[in-house]
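J.: This is the structure, below, for whatever I ask next.
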Amino acid sequence: MATRFEIDDGFIAEENQKAREWVAEDYEHLGKRLRRQNVEIEDLVAKATKFSVAVPSWGVGTGGTRFARFPGIGEPRDIYEKLEDCGTIFKLVRSTPAVSLHIPWDKPDDASALRDFAAARGLSFDAMNSNTFQDHPGQKHSYKFGSLTHPEKSVRDQAVAHNLECIEIGKTLGSKAHTVWIADGGNFPGQQHFRRALERYLESMREIYAALPDDWRVFMEHKFYEPAFYSTVINDWGTSYYCARELGPKAFCLVDLGHHAPNVNIEMIVARLIQFGKLAGFHFNDSKYGDDDLDAGSIKPFQLFLIFNELVDAELNNAANFKPAYMLDQSHNVTDPIESLMLSAVELVRAYVQAHLVDRDALTEAQERCDPLLALSTLKQAFTTDVASILAVARERAGGAIDPLMTYRLSGYRRRKAEERPSTKGAAVSGIV
Ligand code: RM4
Ligand code: MN
Ligand code: MN
């Protein structure tokens with residue numbers, strides 16, 4: 001393969017040099033401020049450094065809506081080019097060392113070659129994702145009326161077999177989890193027998209569960225509607241939790257932030273799943289109306305903070321069975337996906353670090369003394385603290401960029417990729433997600 005353009009470490013260092021002064025100044029000032037609160041700023045840098053979130057393989061291609069898709073220039077045309085872009089994101093922000101694959105969108109011809117290609121860029125593989133919400137070329141049965149819950153056993157068997165194949169590929173890639181999201185449901189009252197559909201789901205999931213290696217987990221992702229517009233089989237966290245209980249200790253409930261009705265208290269769902277030892281992890285994104293798949297933290301940053309407040313609380317309490325897997329699940333329709341993914345990853349680290357700033361003794365005291373406003377201001381104090389310099393220092397020390405966005409733009413990466421990746425007819429782009 002001809003040499004491909006990569007952002008050079010020296011270039012990142014040069015760009016960092018320009019911003020170093022303000023970072024140092026802000027960092028010093030914040031350090032003093034935090035010390036008054038008995039917080040050691042270096043501890044927060046350590047937290048920021050440790051945080052990681054997986055990038056979805058399909059997220060580096062331009063997404064689309066059900067109306068249209070407007071491709072950008074230099075889009076990755078296959079999984080190897082997608083990994084190049086994931087490597088670039090990782091290089092600049094340092095908090096995205098893993099990639100989550102959708103099969104068959106990003107099915108590798110040779111999984112061990114793909115693993116080596118990723119490893120050469122410092123990347124590993126996170127949860128696998130199956131796809132039985134579309135028909136794929138060559139498949140025998142259609143998923144038009146469902147997959148794991150379809151009334152016909154032959155369709156269910158095909159969907160189960162697809163999930164087993166994902167696990168097989170994942171074993172070679174070094175993955176340790178498998179995520180199942182199904183679109184099964186109904187568009188009209190009466191179309192589906194609710195209880196029978198759920199029974200079939202469990203029957204199919206039991207087969208998938210049985211194929212999990214000992215050190216793997218399976219994640220069930222609920223969603224209240226879309227593409228089914230009347231009823232969805234795994235419609236909420238309660239149903240997901242029931243299934244996780246039925247399946248066994250390796251089954252967990254995954255929370256995609258876009259999969260709830262507007263105004264639902266998601267942080268409370270998170271707390272419940274933590275308490276019951278069944279939180280799988282997250283698909284992070286943001287939304288205004290439905291499953292909008294906008295960039296994390298772009299619409300409701302306070303909600304994101306409140307979710308991390310629950311996560312950090314559980315982390316500090318060493319909650320049982322608490323090992324959340326984080327992934328970004330976004331669709332980038334009008335932005336450069338690399339830019340969106342970088343900034344989204346940064347927003348997550350920000351919320352995580354801010355949640356570590358919550359004075360938990362003061363919060364507990366306010367709660368126990370029934371003082372709502374003191375409780376709220378304790379949270380707000382953390383949420384309104386500008387931790388940008390902590391994030392910048394963590395990135396720079398790890399070899400990343402102080403300003404990932406500007407460094408990326410100035411590197412000319414996208415332009416170079418446009419030259420290297422002339423769009424070809426039939427290029428492997430993921431389509432509308
Ligand atoms: C779904 C769900 C899944 C994602 C697909 C593309 O709404 O969020 O996690 O894989 O979209
Ligand atoms: Mn999702
Ligand atoms: Mn979704």
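Chain labels run A, B, ... following the order of the structure tokens; each chain numbers its residues from 1, and ligands are numbered from 1 in the order shown.
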Can you write out as CSV which residues of stretch 285-313 of chain A fall within 12 Å of stretch 360-366 of chain A, alongside each residue's closest atom pair and its distance in Å to one decimal, counting only C-alpha atoms and ordering rows by chain and ascending residue number?

T.:
residue,atom,partner,partner_atom,distance
A:Asn309,CA,A:Arg360,CA,10.0
A:Glu310,CA,A:Arg360,CA,11.3
A:Val312,CA,A:Arg360,CA,10.3
A:Asp313,CA,A:Arg360,CA,8.2

J.: Could I get the residue neighbourhood of ligand 2 at 10 Å, counting only C-alpha atoms and all ligand atoms, as a PyMOL selection string?

T.: chain A and resi 56+129+179-181+221-223+254-259+282-285+291+293+327-330+433

J.: Any chance you can output those residues with N, CA, C and O atoms as a tab-separated table (two decimals), in the first residue's frame?

T.:
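Writing done, so here's out38.tsv:
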chain	number	residue	atom	x	y	z
A	56	PRO	N	-17.36	4.27	16.95
A	56	PRO	CA	-18.00	3.27	16.09
A	56	PRO	C	-17.40	3.32	14.69
A	56	PRO	O	-17.22	4.41	14.14
A	129	ASN	N	-21.10	-5.27	17.09
A	129	ASN	CA	-22.50	-4.87	16.92
A	129	ASN	C	-23.09	-5.69	15.79
A	129	ASN	O	-22.56	-5.69	14.67
A	179	THR	N	-22.96	-6.41	21.28
A	179	THR	CA	-24.16	-5.59	21.48
A	179	THR	C	-25.25	-5.99	20.49
A	179	THR	O	-24.99	-6.11	19.29
A	180	VAL	N	-26.45	-6.16	21.02
A	180	VAL	CA	-27.58	-6.52	20.18
A	180	VAL	C	-28.63	-5.42	20.25
A	180	VAL	O	-29.17	-5.14	21.32
A	181	TRP	N	-28.86	-4.79	19.11
A	181	TRP	CA	-30.00	-3.89	19.00
A	181	TRP	C	-30.87	-4.42	17.87
A	181	TRP	O	-30.38	-4.65	16.76
A	221	GLU	N	-29.63	-3.46	23.87
A	221	GLU	CA	-29.88	-2.02	23.71
A	221	GLU	C	-31.36	-1.78	23.47
A	221	GLU	O	-31.92	-2.26	22.48
A	222	HIS	N	-31.99	-1.04	24.35
A	222	HIS	CA	-33.42	-0.77	24.17
A	222	HIS	C	-33.61	0.53	23.37
A	222	HIS	O	-32.71	1.36	23.27
A	223	LYS	N	-34.80	0.67	22.83
A	223	LYS	CA	-35.14	1.88	22.07
A	223	LYS	C	-36.65	1.93	21.99
A	223	LYS	O	-37.27	0.94	21.66
A	254	LEU	N	-27.75	-1.89	27.89
A	254	LEU	CA	-27.03	-0.77	27.33
A	254	LEU	C	-27.95	0.44	27.13
A	254	LEU	O	-29.07	0.30	26.65
A	255	VAL	N	-27.45	1.58	27.53
A	255	VAL	CA	-28.24	2.81	27.43
A	255	VAL	C	-27.73	3.68	26.28
A	255	VAL	O	-26.59	4.17	26.33
A	256	ASP	N	-28.54	3.83	25.25
A	256	ASP	CA	-28.24	4.79	24.19
A	256	ASP	C	-29.03	6.04	24.54
A	256	ASP	O	-30.25	5.99	24.70
A	257	LEU	N	-28.31	7.16	24.69
A	257	LEU	CA	-28.99	8.36	25.19
A	257	LEU	C	-30.15	8.82	24.30
A	257	LEU	O	-31.09	9.45	24.78
A	258	GLY	N	-30.11	8.48	23.03
A	258	GLY	CA	-31.16	8.93	22.11
A	258	GLY	C	-32.39	8.04	22.09
A	258	GLY	O	-33.35	8.33	21.37
A	259	HIS	N	-32.39	6.99	22.88
A	259	HIS	CA	-33.46	5.99	22.77
A	259	HIS	C	-34.56	6.11	23.83
A	259	HIS	O	-35.12	5.12	24.26
A	282	PHE	N	-22.82	2.60	27.56
A	282	PHE	CA	-23.55	3.66	26.84
A	282	PHE	C	-23.23	3.72	25.37
A	282	PHE	O	-22.13	3.39	24.94
A	283	HIS	N	-24.23	4.19	24.65
A	283	HIS	CA	-24.02	4.77	23.33
A	283	HIS	C	-24.27	6.25	23.54
A	283	HIS	O	-25.41	6.67	23.75
A	284	PHE	N	-23.21	7.03	23.51
A	284	PHE	CA	-23.36	8.46	23.74
A	284	PHE	C	-23.71	9.20	22.45
A	284	PHE	O	-23.17	8.90	21.38
A	285	ASN	N	-24.57	10.16	22.60
A	285	ASN	CA	-24.97	11.07	21.53
A	285	ASN	C	-25.86	12.11	22.20
A	285	ASN	O	-26.03	12.07	23.42
A	291	ASP	N	-34.25	10.00	18.17
A	291	ASP	CA	-32.91	9.40	18.11
A	291	ASP	C	-32.07	10.21	17.11
A	291	ASP	O	-31.69	9.72	16.06
A	293	ASP	N	-29.10	11.41	17.16
A	293	ASP	CA	-27.68	11.06	16.99
A	293	ASP	C	-26.78	12.27	16.78
A	293	ASP	O	-25.84	12.23	15.99
A	327	MET	N	-19.25	4.04	24.34
A	327	MET	CA	-19.09	4.18	22.89
A	327	MET	C	-19.84	5.42	22.43
A	327	MET	O	-20.85	5.80	23.03
A	328	LEU	N	-19.35	6.05	21.36
A	328	LEU	CA	-20.09	7.15	20.74
A	328	LEU	C	-20.95	6.55	19.65
A	328	LEU	O	-20.46	5.77	18.85
A	329	ASP	N	-22.23	6.85	19.65
A	329	ASP	CA	-23.09	6.36	18.57
A	329	ASP	C	-23.79	7.56	17.97
A	329	ASP	O	-24.84	7.99	18.45
A	330	GLN	N	-23.16	8.13	16.96
A	330	GLN	CA	-23.65	9.38	16.38
A	330	GLN	C	-23.73	9.26	14.87
A	330	GLN	O	-23.10	8.41	14.27
A	433	VAL	N	-27.58	6.01	8.78
A	433	VAL	CA	-27.63	5.37	10.10
A	433	VAL	C	-28.43	6.22	11.07
A	433	VAL	O	-28.31	7.38	11.13

J.: I want to know what sits within 12 Å of A:Gly59, based on only C-alpha atoms, with residues of the same chain fewer than 6 positions away left out; could you give that as an NGL selection string?

T.: :A and (75-76 or 79 or 82-83 or 85-86 or 89 or 99-102 or 105-106 or 283-285 or 293-295 or 327-333 or 335-342 or 344 or 429-433)

J.: Hey, what's within 6 Å of stretch 270-279 of chain A if we count only C-alpha atoms and toss same-chain stuff fewer than 5 positions away? As an MDAnalysis selection string, please?

T.: chainID A and resid 252:253 321

J.: Any idea what the distance is between atom CA of A:Lys250 and atom CA of A:Gly170?

T.: 16.1 Å

J.: Give the answer as one residue: which of A:Met128, A:Leu379, A:Leu202, A:Leu343 has the shortest atom-to-atom distance to A:Ser240, using only C-alpha atoms?

T.: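 When distances to A:Ser240 are compared using only C-alpha atoms, the smallest one comes from A:Leu202.
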
J.: Any chance you could list, as a ChimeraX atom specification, the residues in stretch 282-375 of chain A that come up strand (DSSP E) when DSSP is run on the backbone?

T.: /A:282-284,325-328

J.: Limited to all heavy atoms, could you put the picked residues into a file as a compact mmCIF listing (two decimals), in the first residue's frame?

T.:
# COMPACT_ATOMS: atom_id res chain seq x y z
N PHE A 282 -22.82 2.60 27.56
CA PHE A 282 -23.55 3.66 26.84
C PHE A 282 -23.23 3.72 25.37
O PHE A 282 -22.13 3.39 24.94
CB PHE A 282 -23.16 5.03 27.42
CG PHE A 282 -23.65 5.22 28.81
CD1 PHE A 282 -22.93 4.74 29.89
CD2 PHE A 282 -24.86 5.86 29.04
CE1 PHE A 282 -23.39 4.90 31.18
CE2 PHE A 282 -25.33 6.03 30.33
CZ PHE A 282 -24.60 5.54 31.40
N HIS A 283 -24.23 4.19 24.65
CA HIS A 283 -24.02 4.77 23.33
C HIS A 283 -24.27 6.25 23.54
O HIS A 283 -25.41 6.67 23.75
CB HIS A 283 -24.99 4.19 22.30
CG HIS A 283 -24.58 2.85 21.79
ND1 HIS A 283 -25.30 2.16 20.84
CD2 HIS A 283 -23.49 2.09 22.09
CE1 HIS A 283 -24.67 1.02 20.58
NE2 HIS A 283 -23.58 0.94 21.32
N PHE A 284 -23.21 7.03 23.51
CA PHE A 284 -23.36 8.46 23.74
C PHE A 284 -23.71 9.20 22.45
O PHE A 284 -23.17 8.90 21.38
CB PHE A 284 -22.06 9.04 24.31
CG PHE A 284 -21.82 8.68 25.74
CD1 PHE A 284 -20.81 7.80 26.08
CD2 PHE A 284 -22.61 9.21 26.75
CE1 PHE A 284 -20.58 7.46 27.41
CE2 PHE A 284 -22.38 8.88 28.08
CZ PHE A 284 -21.36 8.00 28.41
N ALA A 325 -19.10 0.14 29.61
CA ALA A 325 -18.41 0.26 28.32
C ALA A 325 -18.97 1.51 27.62
O ALA A 325 -20.18 1.66 27.50
CB ALA A 325 -18.70 -0.97 27.48
N TYR A 326 -18.08 2.36 27.20
CA TYR A 326 -18.51 3.61 26.58
C TYR A 326 -18.27 3.61 25.07
O TYR A 326 -17.18 3.25 24.61
CB TYR A 326 -17.75 4.79 27.18
CG TYR A 326 -17.97 5.00 28.66
CD1 TYR A 326 -16.94 5.46 29.47
CD2 TYR A 326 -19.21 4.74 29.24
CE1 TYR A 326 -17.14 5.67 30.83
CE2 TYR A 326 -19.41 4.95 30.59
CZ TYR A 326 -18.37 5.41 31.38
OH TYR A 326 -18.57 5.62 32.72
N MET A 327 -19.25 4.04 24.34
CA MET A 327 -19.09 4.18 22.89
C MET A 327 -19.84 5.42 22.43
O MET A 327 -20.85 5.80 23.03
CB MET A 327 -19.67 2.96 22.18
CG MET A 327 -19.35 2.90 20.70
SD MET A 327 -20.29 1.61 19.86
CE MET A 327 -21.71 2.56 19.33
N LEU A 328 -19.35 6.05 21.36
CA LEU A 328 -20.09 7.15 20.74
C LEU A 328 -20.95 6.55 19.65
O LEU A 328 -20.46 5.77 18.85
CB LEU A 328 -19.11 8.16 20.12
CG LEU A 328 -18.29 8.99 21.12
CD1 LEU A 328 -17.08 9.61 20.43
CD2 LEU A 328 -19.16 10.08 21.74

J.: Excluding A:Ser389 and its own-chain neighbours fewer than 3 positions away, which residues fall within 10 Å of it when counting only C-alpha atoms? Please give them as a PyMOL selection string.

T.: chain A and resi 22-31+45+386+392-395+402

J.: Take the residues that were just selected and, keeping N, CA and C atoms, output them as an mmCIF file, in the first residue's frame.

T.:
data_model
loop_
_atom_site.group_PDB
_atom_site.id
_atom_site.type_symbol
_atom_site.label_atom_id
_atom_site.label_comp_id
_atom_site.auth_asym_id
_atom_site.auth_seq_id
_atom_site.Cartn_x
_atom_site.Cartn_y
_atom_site.Cartn_z
ATOM 1 N N TRP A 22 -1.130 29.807 27.433
ATOM 2 C CA TRP A 22 -2.435 30.029 28.074
ATOM 3 C C TRP A 22 -2.869 28.822 28.885
ATOM 4 N N VAL A 23 -2.471 27.647 28.407
ATOM 5 C CA VAL A 23 -2.853 26.448 29.152
ATOM 6 C C VAL A 23 -2.178 26.479 30.527
ATOM 7 N N ALA A 24 -0.892 26.797 30.533
ATOM 8 C CA ALA A 24 -0.143 26.821 31.794
ATOM 9 C C ALA A 24 -0.759 27.836 32.760
ATOM 10 N N GLU A 25 -1.112 28.990 32.205
ATOM 11 C CA GLU A 25 -1.689 30.050 33.036
ATOM 12 C C GLU A 25 -3.038 29.613 33.641
ATOM 13 N N ASP A 26 -3.876 29.081 32.783
ATOM 14 C CA ASP A 26 -5.194 28.637 33.267
ATOM 15 C C ASP A 26 -5.073 27.479 34.249
ATOM 16 N N TYR A 27 -4.142 26.598 33.939
ATOM 17 C CA TYR A 27 -3.960 25.408 34.775
ATOM 18 C C TYR A 27 -3.503 25.815 36.171
ATOM 19 N N GLU A 28 -2.597 26.755 36.215
ATOM 20 C CA GLU A 28 -2.072 27.206 37.506
ATOM 21 C C GLU A 28 -3.179 27.872 38.334
ATOM 22 N N HIS A 29 -3.938 28.692 37.649
ATOM 23 C CA HIS A 29 -5.022 29.404 38.327
ATOM 24 C C HIS A 29 -6.074 28.413 38.859
ATOM 25 N N LEU A 30 -6.451 27.466 37.994
ATOM 26 C CA LEU A 30 -7.452 26.481 38.396
ATOM 27 C C LEU A 30 -6.925 25.617 39.548
ATOM 28 N N GLY A 31 -5.652 25.272 39.464
ATOM 29 C CA GLY A 31 -5.038 24.463 40.527
ATOM 30 C C GLY A 31 -5.193 25.143 41.881
ATOM 31 N N VAL A 45 -6.262 15.363 36.470
ATOM 32 C CA VAL A 45 -5.553 15.064 35.215
ATOM 33 C C VAL A 45 -5.433 13.547 35.073
ATOM 34 N N ASP A 386 -14.788 25.513 34.887
ATOM 35 C CA ASP A 386 -14.167 25.334 33.568
ATOM 36 C C ASP A 386 -12.933 24.452 33.707
ATOM 37 N N ALA A 392 -6.805 19.739 28.481
ATOM 38 C CA ALA A 392 -5.718 20.057 27.551
ATOM 39 C C ALA A 392 -4.392 19.490 28.061
ATOM 40 N N VAL A 393 -4.151 19.639 29.356
ATOM 41 C CA VAL A 393 -2.897 19.124 29.926
ATOM 42 C C VAL A 393 -2.855 17.600 29.794
ATOM 43 N N ALA A 394 -3.980 16.949 30.082
ATOM 44 C CA ALA A 394 -4.012 15.482 29.973
ATOM 45 C C ALA A 394 -3.706 15.055 28.544
ATOM 46 N N ARG A 395 -4.309 15.744 27.589
ATOM 47 C CA ARG A 395 -4.070 15.375 26.186
ATOM 48 C C ARG A 395 -2.616 15.601 25.797
ATOM 49 N N ILE A 402 -3.418 20.000 22.188
ATOM 50 C CA ILE A 402 -4.070 20.928 23.113
ATOM 51 C C ILE A 402 -5.383 21.388 22.487
#

J.: Find the residues near A:His136: any atom within 10 Å, counting only C-alpha atoms, skip ones fewer than 5 places away on the same chain, and give them as a list of chain:residue names.

T.: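 My reading of the contact set: A:Pro104, A:Trp105, A:Asn131, A:His141, A:Ser142, A:Tyr143.
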
J.: In stretch 48-81 of chain A, what's helix (DSSP H, G or I) per DSSP? Answer as a ChimeraX atom specification?

T.: /A:48-50,57-60,79-81

J.: For N, CA, C and O atoms, I'd like the residues from the last selection saved as a tab-separated table (two decimals), in the first residue's frame.

T.:
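Writing done, so here's out-v5.tsv:
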chain	number	residue	atom	x	y	z
A	48	ALA	N	-8.72	12.20	33.90
A	48	ALA	CA	-8.94	12.51	32.49
A	48	ALA	C	-8.11	11.59	31.60
A	48	ALA	O	-8.57	11.12	30.56
A	49	THR	N	-6.90	11.31	32.04
A	49	THR	CA	-6.00	10.47	31.25
A	49	THR	C	-6.53	9.04	31.15
A	49	THR	O	-6.37	8.38	30.13
A	50	LYS	N	-7.16	8.60	32.20
A	50	LYS	CA	-7.64	7.20	32.25
A	50	LYS	C	-8.93	6.98	31.45
A	50	LYS	O	-9.26	5.85	31.08
A	57	SER	N	-17.11	2.17	14.13
A	57	SER	CA	-16.47	2.15	12.80
A	57	SER	C	-17.31	2.94	11.79
A	57	SER	O	-16.78	3.65	10.95
A	58	TRP	N	-18.63	2.84	11.93
A	58	TRP	CA	-19.49	3.49	10.94
A	58	TRP	C	-19.59	5.00	11.16
A	58	TRP	O	-20.04	5.73	10.28
A	59	GLY	N	-19.15	5.48	12.33
A	59	GLY	CA	-19.27	6.91	12.65
A	59	GLY	C	-18.32	7.80	11.87
A	59	GLY	O	-18.55	9.01	11.78
A	60	VAL	N	-17.26	7.25	11.30
A	60	VAL	CA	-16.30	8.10	10.58
A	60	VAL	C	-16.73	8.37	9.15
A	60	VAL	O	-16.12	9.19	8.45
A	79	ILE	N	-13.02	-0.49	5.56
A	79	ILE	CA	-12.75	-0.54	7.00
A	79	ILE	C	-11.31	-0.12	7.32
A	79	ILE	O	-11.05	0.46	8.37
A	80	TYR	N	-10.40	-0.37	6.38
A	80	TYR	CA	-9.01	0.05	6.66
A	80	TYR	C	-8.91	1.58	6.68
A	80	TYR	O	-8.25	2.15	7.55
A	81	GLU	N	-9.57	2.20	5.75
A	81	GLU	CA	-9.55	3.68	5.76
A	81	GLU	C	-10.31	4.23	6.96
A	81	GLU	O	-9.96	5.27	7.52

J.: With distances taken over only C-alpha atoms and all ligand atoms, which residue among A:Gly122, A:Pro213, A:Gly186, A:Gly63 lies nearest ligand 1?

T.: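 The closest residue to ligand 1 is A:Gly63.
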
J.: Within 9 Å of A:Arg414, counting only C-alpha atoms, which residues qualify if same-chain residues fewer than 5 places away don't, as JSON, numbers by chain?

T.: {"A": [73, 74, 75, 336, 408, 409, 419]}
